file start14.pdb (PDB, C-alpha atoms)
ATOM      1  CA  MET A  26    -108.435  -4.116 -25.355
ATOM      2  CA  THR A  27    -105.119  -4.411 -23.581
ATOM      3  CA  GLN A  28    -105.269  -6.141 -20.220
ATOM      4  CA  PRO A  29    -103.295  -4.811 -17.230
ATOM      5  CA  ASP A  30     -99.877  -6.370 -16.941
ATOM      6  CA  LYS A  31     -99.716  -8.535 -13.830
ATOM      7  CA  GLY A  32     -95.926  -8.910 -13.992
ATOM      8  CA  PRO A  33     -93.977 -11.700 -12.325
ATOM      9  CA  VAL A  34     -95.274 -13.238  -9.134
ATOM     10  CA  ARG A  35     -92.795 -13.242  -6.251
ATOM     11  CA  PRO A  36     -92.054 -16.389  -4.230
ATOM     12  CA  ARG A  37     -94.206 -16.393  -1.108
ATOM     13  CA  HIS A  38     -92.331 -18.868   1.068
ATOM     14  CA  ASN A  39     -90.600 -17.788   4.224
ATOM     15  CA  VAL A  40     -87.410 -19.646   3.428
ATOM     16  CA  LYS A  41     -83.922 -18.621   2.410
ATOM     17  CA  ILE A  42     -82.120 -18.950  -0.859
ATOM     18  CA  VAL A  43     -78.452 -19.731  -0.245
ATOM     19  CA  ARG A  44     -75.838 -18.442  -2.684
ATOM     20  CA  LYS A  45     -72.116 -18.955  -2.315
ATOM     21  CA  ASN A  46     -69.614 -18.538  -5.130
ATOM     22  CA  ASN A  47     -70.769 -20.886  -7.879
ATOM     23  CA  ARG A  48     -73.343 -22.648  -5.743
ATOM     24  CA  MET A  49     -76.985 -21.936  -5.057
ATOM     25  CA  GLU A  50     -79.549 -23.734  -2.903
ATOM     26  CA  ILE A  51     -83.268 -23.261  -3.281
ATOM     27  CA  PRO A  52     -86.308 -24.706  -1.523
ATOM     28  CA  SER A  53     -88.291 -27.193  -3.597
ATOM     29  CA  SER A  54     -90.683 -24.841  -5.352
ATOM     30  CA  LEU A  55     -90.910 -23.851  -8.997
ATOM     31  CA  ASP A  56     -91.480 -20.278  -7.765
ATOM     32  CA  TYR A  57     -87.680 -20.056  -7.546
ATOM     33  CA  LEU A  58     -86.993 -20.885 -11.205
ATOM     34  CA  PRO A  59     -86.574 -17.199 -12.168
ATOM     35  CA  LYS A  60     -84.010 -16.804  -9.348
ATOM     36  CA  VAL A  61     -82.096 -19.828 -10.619
ATOM     37  CA  ASP A  62     -82.156 -18.385 -14.140
ATOM     38  CA  GLN A  63     -80.761 -15.057 -12.879
ATOM     39  CA  PHE A  64     -78.044 -16.906 -10.944
ATOM     40  CA  VAL A  65     -76.946 -18.992 -13.939
ATOM     41  CA  GLU A  66     -76.963 -15.965 -16.233
ATOM     42  CA  SER A  67     -74.850 -13.992 -13.737
ATOM     43  CA  LYS A  68     -72.257 -16.773 -13.736
ATOM     44  CA  LEU A  69     -72.071 -16.905 -17.527
ATOM     45  CA  LYS A  70     -72.175 -13.248 -18.453
ATOM     46  CA  LYS A  71     -68.412 -12.825 -18.130
ATOM     47  CA  LEU A  72     -67.801 -15.518 -20.729
ATOM     48  CA  ARG A  73     -67.753 -14.797 -24.422
ATOM     49  CA  ILE A  74     -70.738 -16.989 -24.897
ATOM     50  CA  LYS A  75     -73.110 -16.818 -27.833
ATOM     51  CA  LYS A  76     -76.676 -15.888 -26.994
ATOM     52  CA  ASP A  77     -77.893 -19.138 -28.526
ATOM     53  CA  GLN A  78     -75.598 -21.152 -26.244
ATOM     54  CA  LEU A  79     -76.710 -19.173 -23.217
ATOM     55  CA  VAL A  80     -80.347 -19.907 -24.057
ATOM     56  CA  ASP A  81     -79.594 -23.633 -24.496
ATOM     57  CA  ILE A  82     -78.004 -23.733 -21.032
ATOM     58  CA  ALA A  83     -80.794 -21.663 -19.445
ATOM     59  CA  ILE A  84     -83.530 -23.896 -20.882
ATOM     60  CA  SER A  85     -81.668 -27.052 -19.836
ATOM     61  CA  VAL A  86     -81.067 -25.848 -16.269
ATOM     62  CA  SER A  87     -84.754 -24.936 -15.960
ATOM     63  CA  GLU A  88     -85.677 -28.462 -17.095
ATOM     64  CA  ILE A  89     -83.312 -30.216 -14.682
ATOM     65  CA  VAL A  90     -84.294 -28.009 -11.731
ATOM     66  CA  THR A  91     -87.984 -28.558 -12.538
ATOM     67  CA  ASN A  92     -87.412 -32.328 -12.415
ATOM     68  CA  ALA A  93     -85.465 -32.038  -9.143
ATOM     69  CA  VAL A  94     -88.233 -29.969  -7.517
ATOM     70  CA  MET A  95     -91.206 -31.956  -8.793
ATOM     71  CA  HIS A  96     -89.997 -35.526  -9.210
ATOM     72  CA  GLY A  97     -86.956 -35.644  -6.910
ATOM     73  CA  ASN A  98     -88.079 -33.628  -3.911
ATOM     74  CA  LYS A  99     -91.786 -33.841  -4.760
ATOM     75  CA  ASN A 100     -92.313 -30.115  -3.998
ATOM     76  CA  ASP A 101     -91.309 -30.656  -0.351
ATOM     77  CA  LEU A 102     -90.214 -27.177   0.820
ATOM     78  CA  GLY A 103     -88.135 -28.802   3.549
ATOM     79  CA  LYS A 104     -85.873 -30.316   0.909
ATOM     80  CA  LYS A 105     -83.312 -28.360  -1.056
ATOM     81  CA  VAL A 106     -82.198 -28.347  -4.656
ATOM     82  CA  LYS A 107     -78.514 -27.505  -5.125
ATOM     83  CA  ILE A 108     -77.223 -25.936  -8.312
ATOM     84  CA  ASN A 109     -73.505 -25.669  -9.064
ATOM     85  CA  VAL A 110     -72.181 -23.803 -12.107
ATOM     86  CA  GLU A 111     -68.603 -24.230 -13.313
ATOM     87  CA  ALA A 112     -67.784 -22.065 -16.297
ATOM     88  CA  SER A 113     -64.548 -21.901 -18.270
ATOM     89  CA  PRO A 114     -63.754 -20.532 -21.734
ATOM     90  CA  SER A 115     -64.086 -24.037 -23.166
ATOM     91  CA  GLN A 116     -67.234 -25.331 -21.455
ATOM     92  CA  VAL A 117     -70.022 -24.765 -18.981
ATOM     93  CA  GLU A 118     -70.870 -27.530 -16.518
ATOM     94  CA  VAL A 119     -73.952 -27.408 -14.319
ATOM     95  CA  ILE A 120     -74.722 -29.948 -11.615
ATOM     96  CA  VAL A 121     -78.176 -30.113 -10.048
ATOM     97  CA  GLU A 122     -78.771 -32.265  -6.959
ATOM     98  CA  ASP A 123     -81.983 -33.101  -5.162
ATOM     99  CA  GLU A 124     -82.737 -34.867  -1.875
ATOM    100  CA  GLY A 125     -85.230 -37.355  -3.241
ATOM    101  CA  THR A 126     -85.095 -41.124  -3.356
ATOM    102  CA  GLY A 127     -83.509 -41.517  -6.780
ATOM    103  CA  PHE A 128     -84.973 -43.206  -9.844
ATOM    104  CA  ASP A 129     -84.067 -45.557 -12.644
ATOM    105  CA  PRO A 130     -82.966 -43.386 -15.609
ATOM    106  CA  SER A 131     -83.819 -46.184 -18.021
ATOM    107  CA  SER A 132     -87.445 -45.930 -16.899
ATOM    108  CA  VAL A 133     -87.688 -42.408 -18.309
ATOM    109  CA  GLU A 134     -89.199 -42.549 -21.730
ATOM    110  CA  CYS A 135     -90.373 -39.746 -23.956
ATOM    111  CA  ARG A 136     -92.719 -41.133 -26.557
ATOM    112  CA  LEU A 137     -93.110 -39.227 -29.790
ATOM    113  CA  ASP A 138     -95.816 -41.380 -31.368
ATOM    114  CA  PRO A 139     -98.967 -39.526 -32.463
ATOM    115  CA  GLU A 140    -101.012 -40.810 -29.499
ATOM    116  CA  SER A 141     -98.494 -39.441 -26.999
ATOM    117  CA  LEU A 142     -97.750 -36.099 -28.654
ATOM    118  CA  LEU A 143    -100.516 -34.235 -26.831
ATOM    119  CA  LYS A 144     -99.352 -35.208 -23.351
ATOM    120  CA  GLU A 145     -98.587 -32.072 -21.339
ATOM    121  CA  ALA A 146     -95.399 -33.354 -19.667
ATOM    122  CA  GLY A 147     -92.469 -35.714 -20.203
ATOM    123  CA  ARG A 148     -90.307 -33.811 -22.707
ATOM    124  CA  GLY A 149     -87.686 -32.311 -20.379
ATOM    125  CA  ILE A 150     -84.916 -34.877 -20.744
ATOM    126  CA  LEU A 151     -85.462 -35.088 -24.519
ATOM    127  CA  ILE A 152     -84.967 -31.320 -24.777
ATOM    128  CA  VAL A 153     -81.891 -31.309 -22.519
ATOM    129  CA  ASP A 154     -80.348 -34.168 -24.518
ATOM    130  CA  SER A 155     -80.843 -32.157 -27.700
ATOM    131  CA  LEU A 156     -79.500 -28.831 -26.402
ATOM    132  CA  MET A 157     -76.508 -29.994 -24.343
ATOM    133  CA  ASP A 158     -73.337 -31.866 -25.348
ATOM    134  CA  LYS A 159     -73.250 -34.172 -22.353
ATOM    135  CA  VAL A 160     -75.900 -35.315 -19.867
ATOM    136  CA  GLU A 161     -75.093 -37.596 -16.936
ATOM    137  CA  ILE A 162     -77.674 -38.820 -14.440
ATOM    138  CA  LEU A 163     -76.197 -40.214 -11.252
ATOM    139  CA  CYS A 164     -78.467 -41.690  -8.640
ATOM    140  CA  GLY A 165     -78.973 -44.587  -6.303
ATOM    141  CA  PRO A 166     -81.698 -45.746  -3.934
ATOM    142  CA  GLY A 167     -82.034 -43.243  -1.092
ATOM    143  CA  LYS A 168     -79.255 -41.023  -2.414
ATOM    144  CA  GLY A 169     -81.207 -38.465  -4.347
ATOM    145  CA  THR A 170     -80.425 -37.626  -7.939
ATOM    146  CA  LYS A 171     -77.480 -35.696  -9.324
ATOM    147  CA  VAL A 172     -77.637 -34.530 -12.931
ATOM    148  CA  LYS A 173     -74.593 -33.100 -14.697
ATOM    149  CA  ILE A 174     -75.019 -31.241 -17.960
ATOM    150  CA  VAL A 175     -72.201 -29.874 -20.090
ATOM    151  CA  LYS A 176     -72.203 -27.365 -22.943
ATOM    152  CA  LEU A 177     -69.013 -27.071 -24.996
ATOM    153  CA  LEU A 178     -68.305 -23.485 -26.062
ATOM    154  CA  ARG A 179     -66.851 -24.063 -29.498
TER     155      ARG A 179
ATOM    156  CA  MET B  19     -92.786 -13.319 -18.077
ATOM    157  CA  LYS B  20     -95.303 -10.544 -18.664
ATOM    158  CA  LEU B  21     -98.600 -11.170 -20.350
ATOM    159  CA  SER B  22    -101.001  -8.925 -22.196
ATOM    160  CA  SER B  23    -103.964  -9.679 -24.408
ATOM    161  CA  ARG B  24    -106.137  -7.961 -26.960
ATOM    162  CA  ASP B  25    -109.050  -8.932 -29.127
ATOM    163  CA  VAL B  26    -109.142  -8.672 -32.909
ATOM    164  CA  GLY B  27    -112.793  -9.213 -33.767
ATOM    165  CA  ASP B  28    -113.721 -12.544 -32.235
ATOM    166  CA  VAL B  29    -110.092 -13.696 -32.033
ATOM    167  CA  MET B  30    -108.191 -13.334 -28.772
ATOM    168  CA  VAL B  31    -104.498 -12.512 -29.166
ATOM    169  CA  LEU B  32    -102.196 -13.353 -26.263
ATOM    170  CA  GLU B  33     -98.829 -11.609 -26.087
ATOM    171  CA  PRO B  34     -96.438 -13.167 -23.575
ATOM    172  CA  LYS B  35     -93.075 -11.455 -23.147
ATOM    173  CA  GLY B  36     -89.869 -12.827 -21.622
ATOM    174  CA  LYS B  37     -89.165 -16.397 -20.554
ATOM    175  CA  ILE B  38     -91.814 -19.064 -20.006
ATOM    176  CA  MET B  39     -90.308 -21.557 -17.603
ATOM    177  CA  GLY B  40     -92.959 -22.831 -15.223
ATOM    178  CA  GLY B  41     -93.744 -21.679 -11.715
ATOM    179  CA  PRO B  42     -95.763 -18.465 -11.388
ATOM    180  CA  ASP B  43     -95.296 -17.514 -15.048
ATOM    181  CA  ALA B  44     -96.846 -20.743 -16.185
ATOM    182  CA  THR B  45     -99.845 -20.274 -13.934
ATOM    183  CA  VAL B  46    -100.589 -16.815 -15.379
ATOM    184  CA  LEU B  47    -100.541 -18.081 -18.983
ATOM    185  CA  HIS B  48    -102.472 -21.244 -18.150
ATOM    186  CA  ASP B  49    -105.150 -19.283 -16.246
ATOM    187  CA  LYS B  50    -105.565 -16.731 -19.054
ATOM    188  CA  LEU B  51    -106.072 -19.464 -21.648
ATOM    189  CA  HIS B  52    -108.671 -21.166 -19.490
ATOM    190  CA  GLU B  53    -110.350 -17.812 -18.757
ATOM    191  CA  PHE B  54    -110.928 -17.441 -22.515
ATOM    192  CA  ILE B  55    -112.384 -20.929 -22.658
ATOM    193  CA  ASP B  56    -114.701 -20.202 -19.710
ATOM    194  CA  GLN B  57    -115.875 -17.040 -21.537
ATOM    195  CA  ASP B  58    -116.574 -19.101 -24.666
ATOM    196  CA  LYS B  59    -113.807 -17.326 -26.578
ATOM    197  CA  LYS B  60    -112.628 -20.194 -28.682
ATOM    198  CA  LYS B  61    -110.342 -18.582 -31.254
ATOM    199  CA  VAL B  62    -106.949 -17.814 -29.769
ATOM    200  CA  VAL B  63    -103.628 -16.688 -31.246
ATOM    201  CA  ILE B  64    -100.454 -16.686 -29.160
ATOM    202  CA  ASP B  65     -97.926 -14.155 -30.447
ATOM    203  CA  LEU B  66     -94.475 -15.522 -29.538
ATOM    204  CA  ALA B  67     -92.466 -12.621 -31.022
ATOM    205  CA  LYS B  68     -91.343 -11.340 -27.615
ATOM    206  CA  VAL B  69     -90.759 -14.690 -25.922
ATOM    207  CA  ASP B  70     -87.012 -15.166 -25.297
ATOM    208  CA  TRP B  71     -87.428 -18.881 -24.706
ATOM    209  CA  MET B  72     -89.691 -21.457 -23.134
ATOM    210  CA  ASN B  73     -89.076 -24.876 -21.651
ATOM    211  CA  SER B  74     -91.134 -28.059 -21.660
ATOM    212  CA  THR B  75     -93.491 -26.591 -19.061
ATOM    213  CA  GLY B  76     -94.286 -23.780 -21.503
ATOM    214  CA  LEU B  77     -94.864 -26.312 -24.280
ATOM    215  CA  GLY B  78     -97.174 -28.224 -21.913
ATOM    216  CA  ILE B  79     -99.242 -25.085 -21.323
ATOM    217  CA  LEU B  80     -99.611 -24.537 -25.074
ATOM    218  CA  ILE B  81    -100.734 -28.153 -25.493
ATOM    219  CA  SER B  82    -103.188 -27.851 -22.604
ATOM    220  CA  GLY B  83    -104.711 -24.751 -24.190
ATOM    221  CA  LEU B  84    -104.801 -26.345 -27.626
ATOM    222  CA  THR B  85    -106.500 -29.564 -26.517
ATOM    223  CA  THR B  86    -109.000 -27.798 -24.276
ATOM    224  CA  LEU B  87    -109.932 -25.353 -27.052
ATOM    225  CA  ARG B  88    -110.243 -28.134 -29.648
ATOM    226  CA  ASN B  89    -112.363 -30.214 -27.284
ATOM    227  CA  ASN B  90    -114.701 -27.204 -27.078
ATOM    228  CA  GLY B  91    -114.817 -26.621 -30.823
ATOM    229  CA  GLY B  92    -112.130 -23.947 -30.854
ATOM    230  CA  GLU B  93    -108.526 -23.598 -31.990
ATOM    231  CA  LEU B  94    -105.223 -22.181 -30.784
ATOM    232  CA  LYS B  95    -102.730 -20.918 -33.364
ATOM    233  CA  LEU B  96     -99.199 -19.603 -33.019
ATOM    234  CA  ALA B  97     -97.700 -16.502 -34.608
ATOM    235  CA  ASN B  98     -94.130 -15.175 -34.913
ATOM    236  CA  VAL B  99     -92.510 -18.402 -33.691
ATOM    237  CA  THR B 100     -88.854 -17.628 -32.967
ATOM    238  CA  ASP B 101     -86.026 -19.858 -34.210
ATOM    239  CA  LYS B 102     -85.372 -21.293 -30.738
ATOM    240  CA  ILE B 103     -89.010 -22.177 -30.091
ATOM    241  CA  GLN B 104     -89.255 -23.561 -33.628
ATOM    242  CA  SER B 105     -86.335 -25.858 -32.844
ATOM    243  CA  LEU B 106     -88.001 -27.020 -29.599
ATOM    244  CA  LEU B 107     -91.217 -27.738 -31.504
ATOM    245  CA  THR B 108     -89.181 -29.741 -34.023
ATOM    246  CA  ILE B 109     -87.261 -31.734 -31.373
ATOM    247  CA  THR B 110     -90.510 -32.690 -29.646
ATOM    248  CA  LYS B 111     -92.402 -33.199 -32.942
ATOM    249  CA  LEU B 112     -95.003 -30.692 -31.733
ATOM    250  CA  ILE B 113     -94.414 -28.846 -34.990
ATOM    251  CA  THR B 114     -96.893 -31.355 -36.439
ATOM    252  CA  VAL B 115     -99.532 -30.423 -33.868
ATOM    253  CA  PHE B 116     -99.568 -26.609 -33.912
ATOM    254  CA  GLU B 117    -100.615 -24.339 -36.768
ATOM    255  CA  ALA B 118     -98.012 -21.574 -36.974
ATOM    256  CA  HIS B 119     -98.166 -18.315 -38.961
ATOM    257  CA  ASP B 120     -95.578 -15.677 -39.844
ATOM    258  CA  SER B 121     -97.619 -12.838 -38.365
ATOM    259  CA  VAL B 122    -100.542 -12.202 -36.038
ATOM    260  CA  ASP B 123    -102.517 -10.788 -38.976
ATOM    261  CA  ASP B 124    -102.039 -14.023 -40.926
ATOM    262  CA  ALA B 125    -103.018 -16.111 -37.916
ATOM    263  CA  VAL B 126    -106.157 -14.048 -37.272
ATOM    264  CA  ALA B 127    -107.111 -14.114 -40.968
ATOM    265  CA  SER B 128    -106.728 -17.902 -41.071
ATOM    266  CA  PHE B 129    -109.735 -18.283 -38.779
ATOM    267  CA  SER B 130    -111.931 -16.866 -41.558
ATOM    268  CA  LYS B 131    -110.803 -19.355 -44.200
TER     269      LYS B 131
END
call {"tool": "encode", "arguments": {"input": "start14.pdb", "output": "structure tokens"}}
result
Amino acid sequence: MTQPDKGPVRPRHNVKIVRKNNRMEIPSSLDYLPKVDQFVESKLKKLRIKKDQLVDIAISVSEIVTNAVMHGNKNDLGKKVKINVEASPSQVEVIVEDEGTGFDPSSVECRLDPESLLKEAGRGILIVDSLMDKVEILCGPGKGTKVKIVKLLR
Amino acid sequence: MKLSSRDVGDVMVLEPKGKIMGGPDATVLHDKLHEFIDQDKKKVVIDLAKVDWMNSTGLGILISGLTTLRNNGGELKLANVTDKIQSLLTITKLITVFEAHDSVDDAVASFSK
């Protein structure tokens, strides 16, 4: 028996999404991930970009924004996540900034041993590292975290 | 993401469509899997043919469903895994955890073997 299609759930928060040129600001909720995906896709659609490359960028942005919302801003709706997309024929660069307290990138470890494989979280950075050509994590105590990811369009 | 489901005998087939990226989408898929478990439906196939892509949150939901089903004597199998999702499963080594089949029919039939 086919179940009724519930369709996507709309964000319920009474807060604004800010969009200006290549920049977007969202409140710290994963409810806004589909909006971020639409924004990134709109910025890339004019490029002659392969579908596979577009998917790599879309997955990576969703990972970085998820980290910014959950780990950076700790789902605090009063804090913003900023996304900046710079696209040229040769590369796509996306910068995601949160307003958290920063972290030590060396403390992030994704374990692939059999005992850790069934953990439900902790694979985001591993996936981004694999899909993108360059990943830079810039942060300091009290400064929030800024992550820059680059995809070369060769 | 949109989600539909159907039953083939005692096997539940879940058919997500679109992108699985966390947030509300993730909740819908997670809740449906756990609804099956609550109803003692322990044989589940997820048909990934119409999934454009998923991120690590989507993988986490699959793992949650798999472990909960196995802990209750059931099993979750994948069907029609796309190239992109296959590559994510390889990167994360989850390819060694999930049983994947080329079609829903194959996945459903495998429960009888």
call {"tool": "resolve_selection", "arguments": {"input": "start14.pdb", "expression": "the PyMOL selection byres ((chain B and resi 103) around 10)", "output": "PyMOL selection string"}}
result
chain B and resi 66+69-73+77+98-102+104-109+113
call {"tool": "closest_atom_pairs", "arguments": {"input": "start14.pdb", "of": "chain B", "to": "chain A", "cutoff": "10 Å", "atoms": "only C-alpha atoms", "output": "tab-separated table"}}
result
residue	atom	partner	partner_atom	distance
B:Met19	CA	A:Pro33	CA	6.1
B:Lys20	CA	A:Gly32	CA	5.0
B:Leu21	CA	A:Asp30	CA	6.0
B:Ser22	CA	A:Gln28	CA	5.5
B:Ser23	CA	A:Thr27	CA	5.5
B:Arg24	CA	A:Met26	CA	4.8
B:Asp25	CA	A:Met26	CA	6.1
B:Val26	CA	A:Met26	CA	8.8
B:Met30	CA	A:Met26	CA	9.8
B:Val31	CA	A:Thr27	CA	9.9
B:Leu32	CA	A:Thr27	CA	9.8
B:Glu33	CA	A:Thr27	CA	9.9
B:Lys35	CA	A:Gly32	CA	9.9
B:Lys37	CA	A:Pro59	CA	8.8
B:Ile38	CA	A:Pro59	CA	9.6
B:Met39	CA	A:Ser87	CA	6.7
B:Gly40	CA	A:Leu55	CA	6.6
B:Gly41	CA	A:Leu55	CA	4.5
B:Pro42	CA	A:Val34	CA	5.7
B:Asp43	CA	A:Pro33	CA	6.6
B:Ala44	CA	A:Leu55	CA	9.8
B:Thr45	CA	A:Val34	CA	9.7
B:Val46	CA	A:Lys31	CA	8.5
B:Asp70	CA	A:Val80	CA	8.3
B:Trp71	CA	A:Val80	CA	7.2
B:Met72	CA	A:Ile84	CA	7.0
B:Asn73	CA	A:Ile84	CA	5.7
B:Ser74	CA	A:Gly149	CA	5.6
B:Thr75	CA	A:Ala146	CA	7.1
B:Gly76	CA	A:Glu145	CA	9.3
B:Leu77	CA	A:Glu145	CA	7.5
B:Gly78	CA	A:Glu145	CA	4.1
B:Ile79	CA	A:Glu145	CA	7.0
B:Leu80	CA	A:Glu145	CA	8.5
B:Ile81	CA	A:Glu145	CA	6.1
B:Ser82	CA	A:Glu145	CA	6.4
B:Gly83	CA	A:Glu145	CA	10.0
B:Leu84	CA	A:Leu143	CA	9.0
B:Thr85	CA	A:Leu143	CA	7.6
B:Asp101	CA	A:Asp77	CA	9.9
B:Lys102	CA	A:Asp77	CA	8.1
B:Ser105	CA	A:Ser155	CA	9.8
B:Leu106	CA	A:Ile152	CA	7.1
B:Leu107	CA	A:Ile152	CA	9.9
B:Ile109	CA	A:Ile152	CA	7.0
B:Thr110	CA	A:Arg148	CA	7.0
B:Lys111	CA	A:Leu137	CA	6.8
B:Leu112	CA	A:Leu142	CA	6.8
B:Thr114	CA	A:Leu142	CA	9.2
B:Val115	CA	A:Leu142	CA	7.9
call {"tool": "resolve_selection", "arguments": {"input": "start14.pdb", "expression": "the PyMOL selection byres ((chain A and resi 118) around 7)", "output": "ChimeraX atom specification"}}
result
/A:110-112,116-117,119-120,173-176
call {"tool": "resolve_selection", "arguments": {"input": "start14.pdb", "expression": "the PyMOL selection byres ((chain A and resi 122) around 9)", "output": "count of residues only"}}
result
17
call {"tool": "atom_distance", "arguments": {"input": "start14.pdb", "atom1": "atom CA of B:Asp28", "atom2": "atom CA of B:Gly92"}}
result
11.6 Å
call {"tool": "axis_aligned_box", "arguments": {"input": "start14.pdb", "around": "stretch 83-99 of chain B", "padding_each_side": "4 Å", "output": "AutoDock Vina command-line options"}}
result
--center_x -103.7 --center_y -22.7 --center_z -29.6 --size_x 30.3 --size_y 23.0 --size_z 18.7
call {"tool": "closest_residue", "arguments": {"input": "start14.pdb", "among": "A:Ser53, A:Arg73, A:Asn46, A:Cys164", "to": "A:Met95", "atoms": "only C-alpha atoms"}}
result
A:Ser53
call {"tool": "closest_residue", "arguments": {"input": "start14.pdb", "among": "A:Leu177, A:Val94, A:Ile51, A:Ile82", "to": "A:Val65", "atoms": "all atoms listed in the file"}}
result
A:Ile82
call {"tool": "residues_around", "arguments": {"input": "start14.pdb", "residues": "B:Asn90", "least_positions_apart": "4", "cutoff": "12 Å", "atoms": "all atoms listed in the file", "output": "list in words"}}
result
His52, Phe54, Ile55, Asp56, Gln57, Asp58, Lys59, Lys60, Lys61, Gly83, Leu84, Thr85, Thr86 and Leu94 of chain B
call {"tool": "closest_residue", "arguments": {"input": "start14.pdb", "among": "A:Lys41, A:Arg179, A:Lys75, A:Lys70", "to": "A:Asp158", "atoms": "all atoms listed in the file"}}
result
A:Arg179
call {"tool": "atom_distance", "arguments": {"input": "start14.pdb", "atom1": "atom CA of A:Leu178", "atom2": "atom CA of A:Glu161"}}
result
18.1 Å
call {"tool": "atom_distance", "arguments": {"input": "start14.pdb", "atom1": "atom CA of A:Lys104", "atom2": "atom CA of A:Gln63"}}
result
21.2 Å
call {"tool": "residues_around", "arguments": {"input": "start14.pdb", "residues": "A:Gly103", "least_positions_apart": "3", "cutoff": "9 Å", "atoms": "only C-alpha atoms", "output": "MDAnalysis selection string"}}
result
chainID A and resid 52:53 98 100
call {"tool": "closest_residue", "arguments": {"input": "start14.pdb", "among": "A:Lys76, A:Lys159, A:Lys60, A:His96", "to": "A:Val43", "atoms": "only C-alpha atoms"}}
result
A:Lys60
